[in-house]
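Printed here is entry10.cif (mmCIF, C-alpha atoms):
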data_start
loop_
_atom_site.label_atom_id
_atom_site.label_comp_id
_atom_site.auth_asym_id
_atom_site.auth_seq_id
_atom_site.Cartn_x
_atom_site.Cartn_y
_atom_site.Cartn_z
CA MET A 1 98.93 -10.32 -57.59
CA VAL A 2 97.30 -13.51 -56.68
CA ALA A 3 100.35 -15.47 -57.81
CA ALA A 4 102.61 -13.31 -55.72
CA LEU A 5 100.46 -13.91 -52.73
CA CYS A 6 100.54 -17.63 -53.37
CA GLY A 7 104.36 -17.62 -53.65
CA MET A 8 105.06 -15.69 -50.57
CA ALA A 9 106.49 -17.53 -47.68
CA VAL A 10 103.89 -17.56 -44.91
CA PRO A 11 103.91 -19.34 -41.64
CA ALA A 12 102.22 -22.73 -41.42
CA VAL A 13 99.36 -21.45 -39.42
CA ALA A 14 98.59 -18.76 -41.96
CA GLN A 15 98.84 -21.22 -44.79
CA ASP A 16 96.30 -23.46 -43.17
CA PHE A 17 93.87 -20.57 -42.71
CA LEU A 18 94.30 -19.37 -46.32
CA ALA A 19 94.03 -22.82 -47.83
CA PRO A 20 90.33 -22.62 -48.41
CA LEU A 21 90.74 -19.19 -50.00
CA GLN A 22 93.45 -20.45 -52.31
CA GLU A 23 91.27 -23.32 -53.45
CA MET A 24 88.47 -20.91 -54.27
CA VAL A 25 90.87 -18.76 -56.33
CA GLU A 26 92.14 -21.76 -58.25
CA ASP A 27 88.58 -22.81 -59.02
CA LEU A 28 87.83 -19.38 -60.40
CA THR A 29 91.04 -18.88 -62.48
CA GLY A 30 91.84 -22.40 -63.77
CA PRO A 31 90.09 -24.27 -66.56
CA LYS A 32 86.69 -25.57 -65.52
CA ALA A 33 87.40 -29.05 -66.88
CA GLU A 34 90.65 -29.36 -64.90
CA ARG A 35 89.32 -28.05 -61.67
CA ARG A 36 89.09 -30.57 -58.90
CA THR A 37 87.86 -29.88 -55.46
CA PRO A 38 90.43 -31.07 -52.93
CA PRO A 39 89.20 -32.64 -49.72
CA ARG A 40 88.42 -30.38 -46.84
CA ARG A 41 91.09 -29.88 -44.24
CA THR A 42 90.42 -29.53 -40.60
CA PRO A 43 92.53 -26.83 -39.01
CA ALA A 44 94.97 -28.15 -36.46
CA ALA A 45 94.64 -25.22 -34.10
CA PRO A 46 92.09 -22.53 -33.40
CA VAL A 47 92.27 -19.50 -35.56
CA GLU A 48 94.04 -16.64 -33.82
CA ALA A 49 93.51 -14.02 -36.42
CA GLU A 50 91.29 -13.52 -39.38
CA VAL A 51 92.52 -11.79 -42.53
CA GLU A 52 89.91 -10.70 -44.98
CA VAL A 53 90.98 -10.98 -48.61
CA GLU A 54 88.95 -9.41 -51.35
CA ALA A 55 88.42 -11.85 -54.20
CA PRO A 56 87.58 -10.83 -57.71
CA VAL A 57 83.99 -11.46 -58.54
CA ALA A 58 83.51 -13.31 -61.79
CA GLU A 59 80.79 -11.93 -63.94
CA GLU A 60 80.04 -15.21 -65.67
CA GLU A 61 78.97 -17.29 -62.64
CA PRO A 62 77.67 -16.48 -59.16
CA PRO A 63 80.09 -17.00 -56.30
CA VAL A 64 80.22 -20.35 -54.61
CA PRO A 65 79.06 -20.22 -50.95
CA ARG A 66 81.89 -20.17 -48.51
CA PRO A 67 82.50 -23.32 -46.49
CA ARG A 68 81.13 -23.37 -42.96
CA PRO A 69 83.59 -22.60 -40.19
CA PRO A 70 84.81 -25.57 -38.19
CA GLY A 71 82.76 -26.60 -35.16
CA LEU A 72 79.40 -26.18 -36.90
CA THR A 73 77.29 -29.23 -37.67
CA ASP A 74 75.80 -29.91 -41.02
CA GLU A 75 72.28 -29.20 -39.73
CA ALA A 76 71.89 -25.78 -38.28
CA GLU A 77 69.27 -25.13 -35.65
CA ALA A 78 66.27 -23.58 -37.20
CA PRO A 79 65.16 -20.35 -35.56
CA ALA A 80 62.17 -20.62 -33.31
CA PRO A 81 59.04 -19.90 -35.25
CA VAL A 82 57.46 -16.60 -34.47
CA PRO A 83 53.82 -17.12 -33.49
CA GLU A 84 51.53 -15.39 -35.87
CA ALA A 85 48.31 -13.80 -34.83
CA ALA A 86 45.35 -15.95 -35.68
CA PRO A 87 43.43 -14.45 -38.53
CA GLU A 88 40.04 -13.08 -37.59
CA VAL A 89 37.33 -15.43 -38.69
CA VAL A 90 34.37 -13.67 -40.20
CA GLU A 91 31.29 -15.81 -40.48
CA ALA A 92 29.65 -15.35 -43.77
CA PRO A 93 25.85 -15.13 -43.70
CA VAL A 94 24.18 -18.33 -44.71
CA PRO A 95 22.06 -17.86 -47.81
CA ALA A 96 18.40 -18.57 -47.44
CA GLU A 97 18.68 -21.34 -50.00
CA THR A 98 21.31 -23.19 -47.92
CA ALA A 99 19.51 -22.84 -44.52
CA PRO A 100 18.79 -26.21 -42.92
CA ALA A 101 15.33 -27.48 -43.55
CA PRO A 102 13.04 -28.05 -40.52
CA VAL A 103 13.29 -31.50 -39.05
CA GLU A 104 10.14 -33.49 -39.60
CA LEU A 105 9.05 -35.96 -36.95
CA PRO A 106 8.54 -39.50 -38.15
CA GLU A 107 4.98 -40.65 -38.51
CA ALA A 108 5.24 -42.92 -35.46
CA VAL A 109 6.06 -39.95 -33.20
CA GLU A 110 3.05 -37.79 -32.44
CA ALA A 111 3.38 -34.24 -31.24
CA ALA A 112 2.42 -33.69 -27.62
CA PRO A 113 -1.05 -32.17 -27.23
CA ALA A 114 -1.11 -28.49 -26.45
CA VAL A 115 -1.71 -27.71 -22.79
CA GLU A 116 -4.63 -25.39 -22.34
CA THR A 117 -3.91 -22.58 -19.93
CA PRO A 118 -6.86 -22.18 -17.56
CA GLU A 119 -8.45 -18.80 -17.63
CA PRO A 120 -7.80 -16.76 -14.50
CA VAL A 121 -10.71 -16.87 -12.11
CA ALA A 122 -11.83 -13.46 -11.06
CA GLU A 123 -11.40 -13.10 -7.34
CA PRO A 124 -14.37 -11.75 -5.46
CA ALA A 125 -14.11 -8.19 -4.34
CA THR A 126 -12.62 -7.90 -0.90
CA GLN A 127 -15.30 -6.96 1.58
CA PRO A 128 -14.35 -4.11 3.91
CA ALA A 129 -13.66 -5.18 7.45
CA PRO A 130 -16.70 -4.57 9.67
CA ASP A 131 -16.47 -1.87 12.26
CA ARG A 132 -15.37 -2.98 15.67
CA VAL A 133 -18.28 -3.65 18.01
CA TYR A 134 -18.01 -2.04 21.42
CA GLN A 135 -20.27 -3.60 24.04
CA VAL A 136 -20.40 -3.18 27.79
CA ALA A 137 -20.21 -5.81 30.48
CA CYS A 138 -23.18 -6.09 32.79
CA PRO A 139 -22.53 -6.27 36.57
CA ALA A 140 -25.69 -8.36 37.12
CA VAL A 141 -24.40 -10.93 34.65
CA ILE A 142 -20.90 -10.93 36.11
CA GLN A 143 -22.20 -11.35 39.65
CA GLY A 144 -24.52 -14.17 38.63
CA LEU A 145 -27.71 -12.31 39.54
CA VAL A 146 -29.14 -13.27 36.16
CA GLU A 147 -28.46 -16.12 33.84
CA ALA A 148 -27.69 -14.39 30.53
CA GLU A 149 -25.30 -14.01 27.63
CA LEU A 150 -24.32 -11.05 25.51
CA ALA A 151 -26.05 -10.79 22.12
CA PRO A 152 -24.98 -8.94 18.94
CA PRO A 153 -26.01 -5.29 18.65
CA LEU A 154 -29.54 -4.56 17.48
CA HIS A 155 -30.12 -1.96 14.72
CA GLU A 156 -33.57 -1.57 13.14
CA GLY A 157 -34.40 1.94 12.01
CA ILE A 158 -34.92 4.07 15.07
CA CYS A 159 -34.91 0.96 17.26
CA GLY A 160 -31.93 -0.94 18.57
CA GLU A 161 -29.57 -1.63 21.45
CA GLN A 162 -25.77 -1.70 21.35
CA SER A 163 -25.29 -4.22 24.19
CA PRO A 164 -28.33 -6.48 24.45
CA PHE A 165 -28.46 -9.57 26.65
CA ILE A 166 -30.47 -12.76 26.33
CA VAL A 167 -31.73 -13.55 29.82
CA THR A 168 -32.93 -17.06 30.68
CA GLY A 169 -33.06 -17.03 34.49
CA VAL A 170 -33.17 -14.71 37.52
CA MET A 171 -31.60 -15.30 40.95
CA SER A 172 -34.09 -15.37 43.84
CA ARG A 173 -33.23 -16.14 47.43
CA GLY A 174 -30.24 -18.29 46.58
CA ARG A 175 -31.63 -20.21 43.62
CA MET A 176 -32.06 -19.51 39.92
CA VAL A 177 -35.70 -19.08 38.85
CA PRO A 178 -35.97 -19.79 35.12
CA LEU A 179 -37.97 -17.77 32.62
CA SER A 180 -40.56 -19.57 30.53
CA SER A 181 -38.93 -18.12 27.38
CA PRO A 182 -35.70 -16.12 26.96
CA ILE A 183 -36.03 -12.36 26.83
CA THR A 184 -33.82 -9.87 25.00
CA THR A 185 -33.19 -6.80 27.10
CA ASN A 186 -30.51 -4.34 28.12
CA CYS A 187 -28.29 -4.47 31.18
CA GLU A 188 -30.43 -2.02 33.21
CA MET A 189 -33.55 -4.14 32.87
CA ALA A 190 -31.61 -7.33 33.59
CA SER A 191 -30.22 -5.74 36.74
CA ALA A 192 -33.68 -4.64 37.96
CA LEU A 193 -35.25 -8.10 37.69
CA PRO A 194 -33.60 -9.98 40.63
CA ASP A 195 -35.02 -7.79 43.42
CA TRP A 196 -38.52 -7.84 41.94
CA VAL A 197 -38.58 -11.62 41.32
CA ALA A 198 -37.28 -12.22 44.84
CA ALA A 199 -40.15 -10.10 46.27
CA VAL A 200 -42.82 -12.03 44.27
CA ASP A 201 -41.18 -15.32 45.24
CA GLY A 202 -41.43 -14.40 48.92
CA TYR A 203 -45.11 -13.47 48.60
CA ALA A 204 -45.93 -16.72 46.84
CA GLU A 205 -44.32 -18.84 49.53
CA ALA A 206 -45.90 -16.80 52.35
CA MET A 207 -49.43 -16.57 50.97
CA LEU A 208 -49.73 -19.63 48.71
CA GLU A 209 -47.26 -21.84 50.56
CA SER A 210 -45.33 -22.57 47.37
CA PRO A 211 -42.39 -20.58 45.95
CA LEU A 212 -42.01 -19.68 42.33
CA ALA A 213 -41.01 -22.37 39.89
CA SER A 214 -40.79 -20.02 36.87
CA VAL A 215 -41.80 -16.63 35.54
CA THR A 216 -44.04 -16.67 32.47
CA THR A 217 -42.73 -14.02 30.08
CA GLY A 218 -44.19 -12.41 26.95
CA THR A 219 -42.83 -9.72 24.62
CA SER A 220 -39.36 -8.28 25.21
CA TYR A 221 -37.54 -6.58 22.30
CA MET A 222 -39.85 -5.47 19.47
CA CYS A 223 -39.55 -2.40 17.25
CA ARG A 224 -43.02 -0.85 17.30
CA ALA A 225 -44.93 2.24 18.30
CA ARG A 226 -46.16 2.76 21.83
CA ASN A 227 -49.26 0.68 22.68
CA SER A 228 -49.08 -0.83 19.16
CA THR A 229 -50.96 2.16 17.73
CA GLU A 230 -50.17 4.92 15.24
CA SER A 231 -48.47 6.85 18.00
CA GLU A 232 -45.52 9.03 17.14
CA PHE A 233 -43.65 7.60 20.10
CA THR A 234 -41.63 4.43 19.91
CA SER A 235 -42.30 1.84 22.55
CA GLU A 236 -39.58 1.05 25.07
CA HIS A 237 -39.75 -2.47 23.69
CA GLY A 238 -37.96 -1.07 20.61
CA PHE A 239 -34.93 -0.20 22.76
CA ALA A 240 -34.75 -3.53 24.65
CA ASN A 241 -35.80 -1.53 27.68
CA ALA A 242 -39.10 -3.29 28.51
CA ILE A 243 -40.57 -6.75 29.15
CA ASP A 244 -44.05 -8.16 29.53
CA VAL A 245 -44.87 -10.67 32.27
CA VAL A 246 -47.87 -12.88 31.60
CA GLY A 247 -47.97 -14.74 34.94
CA PHE A 248 -46.16 -17.17 37.27
CA THR A 249 -45.93 -20.88 37.93
CA LEU A 250 -45.55 -22.19 41.46
CA GLU A 251 -43.51 -25.18 42.51
CA ASP A 252 -46.68 -27.06 43.44
CA GLY A 253 -47.74 -26.82 39.78
CA ARG A 254 -50.32 -24.04 40.02
CA SER A 255 -50.33 -21.53 37.18
CA ILE A 256 -51.28 -17.95 37.94
CA ALA A 257 -51.99 -16.03 34.73
CA VAL A 258 -52.87 -12.33 34.65
CA THR A 259 -55.71 -12.79 32.18
CA GLU A 260 -57.36 -15.44 34.41
CA LYS A 261 -56.46 -14.62 38.03
CA TRP A 262 -56.42 -10.82 38.15
CA LEU A 263 -60.01 -10.99 39.29
CA PRO A 264 -61.47 -11.49 41.80
CA PRO A 265 -58.90 -9.48 43.76
CA GLU A 266 -59.77 -11.13 47.08
CA GLN A 267 -58.60 -14.56 45.95
CA PRO A 268 -55.01 -15.57 46.88
CA GLU A 269 -53.94 -15.73 43.25
CA GLY A 270 -55.44 -12.28 42.53
CA ARG A 271 -53.75 -10.85 45.60
CA LEU A 272 -50.40 -12.30 44.46
CA LEU A 273 -50.76 -10.61 41.06
CA ARG A 274 -51.56 -7.24 42.65
CA LEU A 275 -48.60 -7.58 45.02
CA ALA A 276 -46.37 -8.36 42.04
CA HIS A 277 -47.73 -5.23 40.26
CA ASP A 278 -47.11 -2.97 43.25
CA ALA A 279 -43.63 -4.36 43.97
CA ALA A 280 -42.62 -3.64 40.36
CA CYS A 281 -43.35 0.06 40.88
CA GLY A 282 -40.33 0.22 43.20
CA SER A 283 -37.93 -1.41 40.71
CA PHE A 284 -39.09 0.00 37.33
CA MET A 285 -40.06 3.44 36.00
CA THR A 286 -43.22 2.27 34.21
CA VAL A 287 -45.65 -0.43 35.37
CA LEU A 288 -48.89 -0.98 33.47
CA GLY A 289 -51.46 -3.69 34.29
CA PRO A 290 -55.03 -4.62 33.41
CA GLU A 291 -56.37 -1.49 35.12
CA ALA A 292 -54.18 0.86 33.03
CA ASN A 293 -55.88 0.24 29.65
CA ALA A 294 -57.29 -2.53 27.48
CA GLU A 295 -53.89 -3.13 25.80
CA HIS A 296 -52.53 -4.52 29.11
CA ASN A 297 -55.47 -6.62 30.30
CA ASP A 298 -53.49 -9.87 29.99
CA HIS A 299 -49.98 -8.90 31.21
CA LEU A 300 -47.86 -6.61 33.31
CA HIS A 301 -45.73 -4.15 31.32
CA LEU A 302 -42.41 -3.24 32.98
CA ASP A 303 -39.85 -0.76 31.59
CA LEU A 304 -37.22 1.81 32.57
CA GLY A 305 -38.36 4.65 30.30
CA CYS A 306 -37.68 8.29 31.10
CA HIS A 307 -40.53 10.34 32.51
CA GLY A 308 -40.32 13.95 33.60
CA LYS A 309 -37.54 16.48 33.10
CA ALA A 310 -35.14 14.63 35.37
CA CYS A 311 -36.31 11.16 34.29
CA GLN A 312 -37.31 10.47 37.90
CA THR A 313 -41.07 10.32 37.51
CA ARG A 314 -42.64 6.87 37.84
CA ILE A 315 -45.82 5.67 36.19
CA CYS A 316 -47.58 2.87 38.07
CA GLN A 317 -51.06 2.00 36.75
#

This entry written out as structure tokens:
Amino acid sequence: MVAALCGMAVPAVAQDFLAPLQEMVEDLTGPKAERRTPPRRTPAAPVEAEVEVEAPVAEEEPPVPRPRPPGLTDEAEAPAPVPEAAPEVVEAPVPAETAPAPVELPEAVEAAPAVETPEPVAEPATQPAPDRVYQVACPAVIQGLVEAELAPPLHEGICGEQSPFIVTGVMSRGRMVPLSSPITTNCEMASALPDWVAAVDGYAEAMLESPLASVTTGTSYMCRARNSTESEFTSEHGFANAIDVVGFTLEDGRSIAVTEKWLPPEQPEGRLLRLAHDAACGSFMTVLGPEANAEHNDHLHLDLGCHGKACQTRICQ
């Protein structure tokens, strides 16, 4: 059958197409020693049709690969490599024997000294804020009738005063008459002093021909019982509501003390002290002098204590 096919008259184009097939058949059927591979032929024209011919498969040897079609180069393009997923890297645990040994510092390098952390200092307990102090303004101080300044509140048992003043001078007839020592008193007592001092100042200038240079003062605020005894009553001194006047000093230098000049009463100095005592009875609620009792033989006690149901009774002794 193969020989018949080879002897058939075929057109030139078909012969050229079947030439490679014929060579393969001759290699398979002829003696192996006489076979010779003829040179490849390049087809003159493009192949119009392709006829598949079944060739007998020899059992002795595998088939020879078919020649590459024309137009293909000897080196075929390799297919693009398909990227493979990177294998998951699992870190194996490092055995204890293979763990890196601790790095030892060379002998020349010394470790930095440890910094001692200071112990926390206990903060002192926060003191509660003091209560707000409410104090009143004094009209006599504001108007300049007395020379004074507000003092902190006084609290001493039953005694005390919320708005005490420290008085150092009293206005009299247009000038400030100083006190021999400051007194601590309340606003009511400070307000009652100017009229009384002005009256004594006028008497001194009229009778002794010398006005007052100063008022000699004694006790003012003091927490004690009345008359400094075991009395159940607290003295008005304990409420900054009383002062003691020991005497006066005139501008000509004369000193008129109660303990020395109260007697004889007919002398000008004695008369001045009695006029000062009587004038105080119009400005204060309590006036006690040497004739009241032995406790007041050396001074005049002046206060604004309450006497009577309506606190309108005056004591003048």

Handout entry: Nearest candidate to A:Asn293 (options A:Val133, A:Glu188, A:Asn227, A:Gly157; using all atoms listed in the file)
Key = A:Asn227

Practice task
Measure the distance from atom CA of A:Glu209 to atom CA of A:Phe248 in Å and round it to one decimal.
Solution key: 14.1 Å

Exercise for the section: For the structure provided, state which residues fall under the PyMOL selection byres ((chain A and resi 260) around 12), and present them as JSON, numbers by chain. Expected result: {"A": [246, 247, 248, 255, 256, 257, 258, 259, 261, 262, 263, 264, 265, 267, 269, 270, 273, 290, 297, 298, 299]}

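One finds atom CA of A:Arg274 at 15.5 Å from atom CA of A:Ile315.
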
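The interatomic distance for the pair atom CA of A:Ala140 and atom CA of A:Leu288 works out to 24.6 Å.
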
Problem - Protein/DNA/RNA residues near (-43.5, -0.8, 23.2), cut 9 Å, all atoms listed in the file, as a ChimeraX atom specification - result: /A:220-228,233-239,241-243

Practice task
Please provide as a list of chain:residue names all residues within 9 Å of A:Asp201, with the sequence filter that same-chain residues fewer than 6 positions apart are discarded (counting only C-alpha atoms).
Solution key: A:Ser172, A:Arg173, A:Ser210, A:Pro211, A:Leu212, A:Ala213, A:Leu250
